[in-house]
$ cat entry.tsv   # TSV, N, CA and C atoms
chain	number	residue	atom	x	y	z
A	1	MET	N	0.84	-1.17	0.00
A	1	MET	CA	0.00	0.00	0.00
A	1	MET	C	0.90	1.24	0.00
A	2	PHE	N	0.56	2.22	-0.85
A	2	PHE	CA	1.29	3.49	-0.91
A	2	PHE	C	1.00	4.34	0.32
A	3	SER	N	2.02	5.08	0.75
A	3	SER	CA	1.79	6.11	1.77
A	3	SER	C	1.06	7.27	1.09
A	4	GLN	N	0.41	8.10	1.88
A	4	GLN	CA	-0.35	9.23	1.33
A	4	GLN	C	0.54	10.16	0.52
A	5	ASP	N	1.80	10.31	0.90
A	5	ASP	CA	2.68	11.24	0.19
A	5	ASP	C	3.45	10.60	-0.97
A	6	GLY	N	3.24	9.31	-1.23
A	6	GLY	CA	3.87	8.64	-2.36
A	6	GLY	C	5.34	8.32	-2.19
A	7	THR	N	5.85	8.44	-0.97
A	7	THR	CA	7.27	8.16	-0.77
A	7	THR	C	7.56	6.69	-0.51
A	8	THR	N	6.56	5.96	0.03
A	8	THR	CA	6.80	4.55	0.35
A	8	THR	C	5.63	3.67	-0.05
A	9	CYS	N	5.94	2.41	-0.21
A	9	CYS	CA	4.94	1.36	-0.39
A	9	CYS	C	5.31	0.28	0.62
A	10	THR	N	4.39	-0.06	1.49
A	10	THR	CA	4.67	-1.00	2.57
A	10	THR	C	3.87	-2.28	2.36
A	11	TYR	N	4.53	-3.40	2.56
A	11	TYR	CA	3.91	-4.72	2.42
A	11	TYR	C	3.65	-5.32	3.80
A	12	ALA	N	2.66	-6.18	3.89
A	12	ALA	CA	2.34	-6.86	5.14
A	12	ALA	C	3.53	-7.69	5.63
A	13	SER	N	4.38	-8.14	4.72
A	13	SER	CA	5.54	-8.95	5.07
A	13	SER	C	6.61	-8.16	5.82
A	14	GLY	N	6.48	-6.81	5.81
A	14	GLY	CA	7.48	-5.97	6.44
A	14	GLY	C	8.43	-5.32	5.45
A	15	ARG	N	8.36	-5.70	4.20
A	15	ARG	CA	9.18	-5.05	3.19
A	15	ARG	C	8.65	-3.64	2.93
A	16	THR	N	9.58	-2.72	2.65
A	16	THR	CA	9.21	-1.34	2.36
A	16	THR	C	9.96	-0.90	1.11
A	17	VAL	N	9.25	-0.25	0.21
A	17	VAL	CA	9.84	0.34	-0.98
A	17	VAL	C	9.81	1.85	-0.77
A	18	THR	N	10.97	2.49	-0.92
A	18	THR	CA	11.07	3.93	-0.79
A	18	THR	C	11.39	4.52	-2.16
A	19	PHE	N	10.56	5.45	-2.61
A	19	PHE	CA	10.72	6.08	-3.92
A	19	PHE	C	11.40	7.43	-3.78
A	20	ASP	N	12.33	7.71	-4.70
A	20	ASP	CA	12.94	9.04	-4.74
A	20	ASP	C	13.12	9.46	-6.19
A	21	PRO	N	12.35	10.39	-6.63
A	21	PRO	CA	11.39	11.20	-5.90
A	21	PRO	C	10.11	10.41	-5.64
A	22	PRO	N	9.21	10.96	-4.80
A	22	PRO	CA	7.94	10.27	-4.51
A	22	PRO	C	7.13	10.03	-5.78
A	23	ILE	N	6.32	8.98	-5.77
A	23	ILE	CA	5.41	8.66	-6.87
A	23	ILE	C	4.23	9.62	-6.83
A	24	VAL	N	3.93	10.20	-7.98
A	24	VAL	CA	2.79	11.09	-8.13
A	24	VAL	C	1.97	10.58	-9.32
A	25	PHE	N	0.67	10.38	-9.09
A	25	PHE	CA	-0.21	9.93	-10.18
A	25	PHE	C	-0.84	11.12	-10.86
A	26	PRO	N	-1.02	11.10	-12.18
A	26	PRO	CA	-0.59	10.03	-13.08
A	26	PRO	C	0.93	10.05	-13.26
A	27	ILE	N	1.50	8.87	-13.41
A	27	ILE	CA	2.94	8.74	-13.56
A	27	ILE	C	3.32	9.14	-14.99
A	28	PRO	N	4.27	10.04	-15.16
A	28	PRO	CA	4.67	10.43	-16.51
A	28	PRO	C	5.32	9.27	-17.25
A	29	GLN	N	5.00	9.14	-18.53
A	29	GLN	CA	5.62	8.08	-19.33
A	29	GLN	C	7.09	8.40	-19.53
A	30	ASN	N	7.89	7.36	-19.51
A	30	ASN	CA	9.32	7.44	-19.81
A	30	ASN	C	10.10	8.34	-18.85
A	31	GLY	N	9.56	8.55	-17.66
A	31	GLY	CA	10.25	9.41	-16.71
A	31	GLY	C	11.28	8.69	-15.88
A	32	GLY	N	11.19	7.40	-15.82
A	32	GLY	CA	12.12	6.62	-15.02
A	32	GLY	C	11.73	6.56	-13.56
A	33	TRP	N	12.08	5.48	-12.91
A	33	TRP	CA	11.77	5.27	-11.50
A	33	TRP	C	13.06	5.01	-10.74
A	34	LYS	N	13.09	5.50	-9.51
A	34	LYS	CA	14.20	5.23	-8.60
A	34	LYS	C	13.59	4.77	-7.29
A	35	PHE	N	13.99	3.60	-6.83
A	35	PHE	CA	13.46	3.12	-5.56
A	35	PHE	C	14.41	2.13	-4.91
A	36	THR	N	14.24	1.98	-3.61
A	36	THR	CA	15.01	1.02	-2.82
A	36	THR	C	14.02	0.18	-2.03
A	37	MET	N	14.19	-1.14	-2.07
A	37	MET	CA	13.37	-2.04	-1.25
A	37	MET	C	14.22	-2.52	-0.08
A	38	THR	N	13.65	-2.41	1.13
A	38	THR	CA	14.34	-2.86	2.33
A	38	THR	C	13.48	-3.87	3.09
A	39	TYR	N	14.15	-4.67	3.88
A	39	TYR	CA	13.46	-5.62	4.75
A	39	TYR	C	14.27	-5.72	6.04
A	40	GLN	N	13.64	-5.46	7.15
A	40	GLN	CA	14.28	-5.48	8.47
A	40	GLN	C	15.55	-4.64	8.49
A	41	GLY	N	15.47	-3.46	7.87
A	41	GLY	CA	16.58	-2.53	7.88
A	41	GLY	C	17.68	-2.80	6.87
A	42	GLN	N	17.57	-3.88	6.12
A	42	GLN	CA	18.59	-4.24	5.13
A	42	GLN	C	18.08	-3.96	3.72
A	43	THR	N	18.94	-3.42	2.87
A	43	THR	CA	18.57	-3.17	1.48
A	43	THR	C	18.52	-4.48	0.71
A	44	CYS	N	17.39	-4.72	0.05
A	44	CYS	CA	17.24	-5.91	-0.79
A	44	CYS	C	17.64	-5.60	-2.23
A	45	ILE	N	17.15	-4.45	-2.74
A	45	ILE	CA	17.42	-4.08	-4.13
A	45	ILE	C	17.28	-2.58	-4.28
A	46	ARG	N	18.10	-2.03	-5.14
A	46	ARG	CA	18.04	-0.60	-5.50
A	46	ARG	C	17.91	-0.53	-7.02
A	47	VAL	N	16.89	0.18	-7.50
A	47	VAL	CA	16.64	0.29	-8.93
A	47	VAL	C	16.64	1.76	-9.34
A	48	ASP	N	17.37	2.05	-10.39
A	48	ASP	CA	17.36	3.37	-11.03
A	48	ASP	C	17.12	3.11	-12.50
A	49	SER	N	15.89	3.35	-12.94
A	49	SER	CA	15.52	3.03	-14.32
A	49	SER	C	15.07	4.27	-15.07
A	50	GLY	N	15.99	5.09	-15.38
A	50	GLY	CA	15.43	6.20	-16.11
A	50	GLY	C	16.40	7.21	-16.63
A	51	PRO	N	15.88	7.97	-17.54
A	51	PRO	CA	14.61	7.71	-18.24
A	51	PRO	C	14.69	6.43	-19.08
A	52	GLN	N	14.67	6.46	-20.38
A	52	GLN	CA	14.67	5.22	-21.16
A	52	GLN	C	16.06	4.73	-21.51
A	53	ASP	N	17.06	5.48	-21.24
A	53	ASP	CA	18.39	5.12	-21.72
A	53	ASP	C	19.32	4.55	-20.66
A	54	HIS	N	18.81	4.30	-19.46
A	54	HIS	CA	19.68	3.83	-18.39
A	54	HIS	C	18.92	2.91	-17.44
A	55	LEU	N	19.61	1.87	-16.98
A	55	LEU	CA	19.06	0.98	-15.96
A	55	LEU	C	20.21	0.55	-15.06
A	56	SER	N	19.99	0.66	-13.76
A	56	SER	CA	20.95	0.18	-12.78
A	56	SER	C	20.17	-0.58	-11.71
A	57	VAL	N	20.58	-1.83	-11.46
A	57	VAL	CA	19.93	-2.67	-10.46
A	57	VAL	C	21.01	-3.19	-9.52
A	58	GLY	N	20.91	-2.79	-8.24
A	58	GLY	CA	21.89	-3.22	-7.26
A	58	GLY	C	21.27	-4.12	-6.21
A	59	SER	N	22.01	-5.15	-5.81
A	59	SER	CA	21.57	-6.06	-4.76
A	59	SER	C	22.82	-6.58	-4.05
A	60	SER	N	22.63	-7.52	-3.14
A	60	SER	CA	23.78	-8.08	-2.44
A	60	SER	C	24.70	-8.82	-3.40
A	61	ALA	N	24.20	-9.20	-4.59
A	61	ALA	CA	25.01	-9.88	-5.59
A	61	ALA	C	25.89	-8.92	-6.38
A	62	GLY	N	25.63	-7.61	-6.25
A	62	GLY	CA	26.37	-6.62	-7.02
A	62	GLY	C	25.42	-5.77	-7.83
A	63	THR	N	25.96	-5.05	-8.80
A	63	THR	CA	25.15	-4.14	-9.60
A	63	THR	C	25.22	-4.48	-11.07
A	64	TYR	N	24.06	-4.53	-11.69
A	64	TYR	CA	23.95	-4.65	-13.15
A	64	TYR	C	23.60	-3.26	-13.67
A	65	SER	N	24.32	-2.80	-14.68
A	65	SER	CA	23.98	-1.51	-15.28
A	65	SER	C	23.94	-1.64	-16.79
A	66	GLU	N	23.07	-0.83	-17.37
A	66	GLU	CA	22.85	-0.89	-18.81
A	66	GLU	C	22.58	0.53	-19.31
A	67	SER	N	23.15	0.87	-20.44
A	67	SER	CA	22.86	2.15	-21.06
A	67	SER	C	22.62	1.92	-22.55
A	68	ILE	N	21.71	2.72	-23.09
A	68	ILE	CA	21.30	2.58	-24.49
A	68	ILE	C	21.60	3.88	-25.21
A	69	THR	N	22.21	3.75	-26.37
A	69	THR	CA	22.47	4.90	-27.22
A	69	THR	C	22.06	4.53	-28.64
A	70	GLY	N	21.01	5.17	-29.15
A	70	GLY	CA	20.52	4.81	-30.48
A	70	GLY	C	20.11	3.34	-30.49
A	71	LEU	N	20.69	2.55	-31.38
A	71	LEU	CA	20.44	1.10	-31.42
A	71	LEU	C	21.45	0.32	-30.60
A	72	GLY	N	22.41	1.01	-30.00
A	72	GLY	CA	23.46	0.33	-29.25
A	72	GLY	C	23.10	0.15	-27.78
A	73	VAL	N	23.75	-0.81	-27.17
A	73	VAL	CA	23.57	-1.06	-25.75
A	73	VAL	C	24.92	-1.47	-25.15
A	74	ALA	N	25.17	-1.01	-23.94
A	74	ALA	CA	26.36	-1.41	-23.19
A	74	ALA	C	25.88	-1.86	-21.81
A	75	ALA	N	26.43	-2.97	-21.34
A	75	ALA	CA	26.01	-3.51	-20.04
A	75	ALA	C	27.22	-3.97	-19.25
A	76	THR	N	27.10	-3.83	-17.93
A	76	THR	CA	28.11	-4.33	-17.01
A	76	THR	C	27.41	-5.21	-15.98
A	77	CYS	N	27.91	-6.41	-15.82
A	77	CYS	CA	27.31	-7.40	-14.92
A	77	CYS	C	27.90	-7.29	-13.51
A	78	PRO	N	27.22	-7.87	-12.51
A	78	PRO	CA	27.73	-7.80	-11.13
A	78	PRO	C	29.13	-8.37	-10.97
A	79	ASP	N	29.50	-9.33	-11.80
A	79	ASP	CA	30.84	-9.92	-11.67
A	79	ASP	C	31.91	-9.10	-12.37
A	80	GLY	N	31.53	-7.94	-12.95
A	80	GLY	CA	32.49	-7.07	-13.60
A	80	GLY	C	32.60	-7.26	-15.10
A	81	HIS	N	32.06	-8.36	-15.62
A	81	HIS	CA	32.08	-8.56	-17.07
A	81	HIS	C	31.21	-7.50	-17.73
A	82	SER	N	31.63	-7.06	-18.90
A	82	SER	CA	30.84	-6.07	-19.62
A	82	SER	C	30.81	-6.43	-21.10
A	83	PHE	N	29.80	-5.91	-21.77
A	83	PHE	CA	29.70	-6.09	-23.21
A	83	PHE	C	29.00	-4.87	-23.79
A	84	SER	N	29.18	-4.71	-25.08
A	84	SER	CA	28.48	-3.64	-25.79
A	84	SER	C	28.32	-4.04	-27.24
A	85	THR	N	27.32	-3.47	-27.87
A	85	THR	CA	27.08	-3.69	-29.28
A	85	THR	C	26.43	-2.44	-29.86
A	86	ASP	N	26.70	-2.21	-31.13
A	86	ASP	CA	26.06	-1.10	-31.82
A	86	ASP	C	24.69	-1.48	-32.37
A	87	ASN	N	24.35	-2.78	-32.27
A	87	ASN	CA	23.08	-3.28	-32.79
A	87	ASN	C	22.40	-4.15	-31.75
A	88	ALA	N	21.69	-3.53	-30.82
A	88	ALA	CA	21.02	-4.27	-29.74
A	88	ALA	C	19.95	-5.20	-30.29
A	89	LEU	N	19.39	-4.92	-31.45
A	89	LEU	CA	18.36	-5.79	-32.03
A	89	LEU	C	18.91	-7.18	-32.30
A	90	ALA	N	20.20	-7.30	-32.54
A	90	ALA	CA	20.81	-8.61	-32.78
A	90	ALA	C	20.77	-9.48	-31.53
A	91	LEU	N	20.59	-8.87	-30.36
A	91	LEU	CA	20.56	-9.63	-29.11
A	91	LEU	C	19.20	-10.28	-28.84
A	92	LEU	N	18.17	-9.91	-29.60
A	92	LEU	CA	16.84	-10.44	-29.34
A	92	LEU	C	16.77	-11.96	-29.50
A	93	GLY	N	17.66	-12.54	-30.24
A	93	GLY	CA	17.67	-13.99	-30.41
A	93	GLY	C	18.43	-14.72	-29.32
A	94	CYS	N	18.98	-13.99	-28.35
A	94	CYS	CA	19.78	-14.60	-27.29
A	94	CYS	C	18.98	-15.60	-26.48
A	95	ASP	N	19.58	-16.71	-26.18
A	95	ASP	CA	19.20	-17.54	-25.08
A	95	ASP	C	17.78	-18.07	-25.11
A	96	ALA	N	16.84	-17.31	-24.65
A	96	ALA	CA	15.50	-17.85	-24.39
A	96	ALA	C	14.46	-17.36	-25.40
A	97	GLY	N	14.85	-17.08	-26.61
A	97	GLY	CA	13.88	-16.68	-27.61
A	97	GLY	C	13.59	-15.20	-27.60
A	98	PHE	N	12.50	-14.79	-28.19
A	98	PHE	CA	12.20	-13.38	-28.51
A	98	PHE	C	12.50	-12.44	-27.37
A	99	PHE	N	12.10	-12.06	-26.42
A	99	PHE	CA	12.63	-11.14	-25.44
A	99	PHE	C	13.19	-11.88	-24.22
A	100	GLY	N	13.16	-13.22	-24.24
A	100	GLY	CA	13.53	-13.98	-23.06
A	100	GLY	C	14.92	-13.78	-22.53
A	101	GLY	N	15.92	-13.60	-23.40
A	101	GLY	CA	17.28	-13.48	-22.92
A	101	GLY	C	17.80	-12.07	-22.88
A	102	PHE	N	16.99	-11.11	-23.23
A	102	PHE	CA	17.42	-9.72	-23.31
A	102	PHE	C	17.02	-8.98	-22.04
A	103	PRO	N	17.96	-8.49	-21.24
A	103	PRO	CA	17.61	-7.83	-19.98
A	103	PRO	C	16.82	-6.54	-20.21
A	104	GLY	N	15.97	-6.24	-19.28
A	104	GLY	CA	15.20	-5.01	-19.35
A	104	GLY	C	14.18	-4.96	-18.24
A	105	THR	N	13.21	-4.08	-18.39
A	105	THR	CA	12.19	-3.90	-17.37
A	105	THR	C	10.81	-4.02	-17.96
A	106	GLU	N	9.86	-4.35	-17.10
A	106	GLU	CA	8.45	-4.28	-17.44
A	106	GLU	C	7.79	-3.42	-16.39
A	107	GLU	N	7.09	-2.40	-16.84
A	107	GLU	CA	6.50	-1.43	-15.94
A	107	GLU	C	5.05	-1.20	-16.34
A	108	SER	N	4.19	-1.01	-15.36
A	108	SER	CA	2.82	-0.63	-15.66
A	108	SER	C	2.31	0.27	-14.54
A	109	ALA	N	1.44	1.18	-14.93
A	109	ALA	CA	0.86	2.11	-13.96
A	109	ALA	C	-0.59	2.32	-14.32
A	110	GLY	N	-1.48	2.10	-13.36
A	110	GLY	CA	-2.90	2.35	-13.55
A	110	GLY	C	-3.26	3.68	-12.92
A	111	VAL	N	-4.24	4.35	-13.49
A	111	VAL	CA	-4.65	5.64	-12.96
A	111	VAL	C	-6.10	5.58	-12.51
A	112	GLY	N	-6.53	6.61	-11.82
A	112	GLY	CA	-7.90	6.66	-11.32
A	112	GLY	C	-7.96	6.15	-9.89
A	113	ALA	N	-9.18	5.84	-9.45
A	113	ALA	CA	-9.37	5.34	-8.09
A	113	ALA	C	-8.56	4.05	-7.91
A	114	GLY	N	-7.83	3.97	-6.83
A	114	GLY	CA	-7.02	2.79	-6.57
A	114	GLY	C	-5.85	2.68	-7.51
A	115	SER	N	-5.25	3.80	-7.90
A	115	SER	CA	-4.11	3.79	-8.82
A	115	SER	C	-3.04	2.83	-8.33
A	116	SER	N	-2.34	2.22	-9.29
A	116	SER	CA	-1.35	1.22	-8.93
A	116	SER	C	-0.16	1.30	-9.87
A	117	LEU	N	0.92	0.66	-9.46
A	117	LEU	CA	2.06	0.50	-10.34
A	117	LEU	C	2.73	-0.83	-10.04
A	118	SER	N	3.38	-1.37	-11.07
A	118	SER	CA	4.16	-2.58	-10.90
A	118	SER	C	5.45	-2.44	-11.69
A	119	PHE	N	6.46	-3.15	-11.25
A	119	PHE	CA	7.77	-3.08	-11.86
A	119	PHE	C	8.41	-4.45	-11.75
A	120	GLY	N	9.02	-4.91	-12.84
A	120	GLY	CA	9.72	-6.19	-12.82
A	120	GLY	C	10.89	-6.17	-13.78
A	121	LEU	N	11.71	-7.19	-13.69
A	121	LEU	CA	12.85	-7.34	-14.58
A	121	LEU	C	12.56	-8.48	-15.55
A	122	VAL	N	12.90	-8.28	-16.82
A	122	VAL	CA	12.79	-9.34	-17.83
A	122	VAL	C	14.18	-9.78	-18.23
A	123	GLY	N	14.25	-10.98	-18.81
A	123	GLY	CA	15.54	-11.53	-19.20
A	123	GLY	C	16.24	-12.20	-18.05
A	124	THR	N	15.51	-12.52	-16.99
A	124	THR	CA	16.08	-13.21	-15.84
A	124	THR	C	15.93	-14.72	-16.05
A	125	SER	N	16.46	-15.52	-15.17
A	125	SER	CA	16.45	-16.97	-15.35
A	125	SER	C	15.05	-17.55	-15.42
A	126	GLY	N	14.05	-16.88	-14.87
A	126	GLY	CA	12.68	-17.36	-14.97
A	126	GLY	C	11.90	-16.68	-16.08
A	127	GLY	N	12.56	-15.87	-16.88
A	127	GLY	CA	11.90	-15.11	-17.93
A	127	GLY	C	11.62	-13.70	-17.46
A	128	SER	N	10.95	-13.58	-16.31
A	128	SER	CA	10.74	-12.27	-15.70
A	128	SER	C	10.65	-12.43	-14.19
A	129	THR	N	11.03	-11.37	-13.48
A	129	THR	CA	11.00	-11.38	-12.02
A	129	THR	C	10.25	-10.14	-11.54
A	130	PRO	N	9.07	-10.32	-10.95
A	130	PRO	CA	8.36	-9.14	-10.41
A	130	PRO	C	9.14	-8.59	-9.22
A	131	ILE	N	9.25	-7.26	-9.15
A	131	ILE	CA	9.96	-6.62	-8.05
A	131	ILE	C	8.99	-5.95	-7.10
A	132	LEU	N	8.03	-5.19	-7.64
A	132	LEU	CA	7.07	-4.54	-6.76
A	132	LEU	C	5.73	-4.41	-7.44
A	133	SER	N	4.71	-4.33	-6.61
A	133	SER	CA	3.35	-4.07	-7.05
A	133	SER	C	2.68	-3.30	-5.91
A	134	CYS	N	2.33	-2.05	-6.16
A	134	CYS	CA	1.78	-1.19	-5.12
A	134	CYS	C	0.50	-0.53	-5.62
A	135	HIS	N	-0.38	-0.19	-4.69
A	135	HIS	CA	-1.59	0.53	-5.06
A	135	HIS	C	-1.95	1.56	-3.99
A	136	GLN	N	-2.73	2.54	-4.41
A	136	GLN	CA	-3.18	3.55	-3.47
A	136	GLN	C	-4.33	2.99	-2.65
A	137	PRO	N	-4.48	3.49	-1.43
A	137	PRO	CA	-5.59	3.01	-0.59
A	137	PRO	C	-6.94	3.44	-1.16
$ encode --input "entry.tsv" --output "structure tokens"
Amino acid sequence: MFSQDGTTCTYASGRTVTFDPPIVFPIPQNGGWKFTMTYQGQTCIRVDSGPQDHLSVGSSAGTYSESITGLGVAATCPDGHSFSTDNALALLGCDAGFFGGFPGTEESAGVGAGSSLSFGLVGTSGGSTPILSCHQP
């Protein structure tokens, strides 16, 4: 559930997502999101996805970062390995088929009464990994 000021989303499990800047509905398209999820005082994940040309995901495993320029993409993995290409479209055939092996995000935001948002990562070992799903009271 979102706090009234849009700075946090709190789960019954005790996890808390803190947004910076706070979430304001309607959410602007392509504006990017920055948030940190914590549990019992420990950071679980930090996401900086914005606007459309940058993604950084940090966890206890390290940080994955990605930047896009035109059709090119450059990425650095938590283990320090990095790659880049001038033709990111060539990566669509990687690994798990059409978008399955290509890292990225899936985002959705609903507006109106009970506005909500969700955020997940695609191209993970399960195909996609939901990170958060929050709604207004």
$ closest_residue --input "entry.tsv" --among "A:Gly80, A:Cys9, A:Ala88, A:Phe35" --to "Pro21 of chain A" --atoms "only C-alpha atoms"
A:Phe35
$ axis_aligned_box --input "entry.tsv" --around "segment 67-76 of chain A" --padding-each-side "6 Å" --output "JSON"
{"center_x": 24.1, "center_y": 0.0, "center_z": -23.7, "size_x": 20.0, "size_y": 22.4, "size_z": 27.4}
$ residues_around --input "entry.tsv" --residues "Gly6 of chain A" --least-positions-apart "6" --cutoff "7 Å" --atoms "all atoms listed in the file" --output "list in words"
Phe19, Pro21, Pro22, Ile23 and Val24 of chain A
$ atom_distance --input "entry.tsv" --atom1 "atom CA of Ser108 of chain A" --atom2 "atom CA of Asp86 of chain A"
28.3 Å
$ atom_distance --input "entry.tsv" --atom1 "atom CA of Glu107 of chain A" --atom2 "atom CA of Asp79 of chain A"
26.1 Å
$ closest_residue --input "entry.tsv" --among "A:Leu55, A:His81, A:Gly50, A:Arg15" --to "Met37 of chain A" --atoms "all atoms listed in the file"
A:Arg15
$ atom_distance --input "entry.tsv" --atom1 "atom C of Trp33 of chain A" --atom2 "atom C of Thr16 of chain A"
13.6 Å
$ residues_around --input "entry.tsv" --residues "Leu121 of chain A" --least-positions-apart "2" --cutoff "6 Å" --atoms "only N, CA and C atoms" --output "MDAnalysis selection string"
chainID A and resid 104:106 119 123:124 127:131
$ residues_around --input "entry.tsv" --residues "Thr63 of chain A" --least-positions-apart "2" --cutoff "9 Å" --atoms "only C-alpha atoms" --output "MDAnalysis selection string"
chainID A and resid 46 56:61 65 76:80
$ closest_residue --input "entry.tsv" --among "A:Gly14, A:Asp20, A:Gly110, A:Gly120" --to "Gly41 of chain A" --atoms "only N, CA and C atoms"
A:Gly14
$ closest_residue --input "entry.tsv" --among "A:Thr69, A:Ser116, A:Thr85, A:Gln136" --to "Gln4 of chain A" --atoms "only N, CA and C atoms"
A:Gln136
$ residues_around --input "entry.tsv" --residues "Ala74 of chain A" --least-positions-apart "5" --cutoff "5 Å" --atoms "all atoms listed in the file" --output "compact mmCIF listing (two decimals) with N, CA and C atoms, in the coordinates of the input"
# COMPACT_ATOMS: atom_id res chain seq x y z
N GLU A 66 23.07 -0.83 -17.37
CA GLU A 66 22.85 -0.89 -18.81
C GLU A 66 22.58 0.53 -19.31
N SER A 67 23.15 0.87 -20.44
CA SER A 67 22.86 2.15 -21.06
C SER A 67 22.62 1.92 -22.55
N PHE A 83 29.80 -5.91 -21.77
CA PHE A 83 29.70 -6.09 -23.21
C PHE A 83 29.00 -4.87 -23.79
N SER A 84 29.18 -4.71 -25.08
CA SER A 84 28.48 -3.64 -25.79
C SER A 84 28.32 -4.04 -27.24
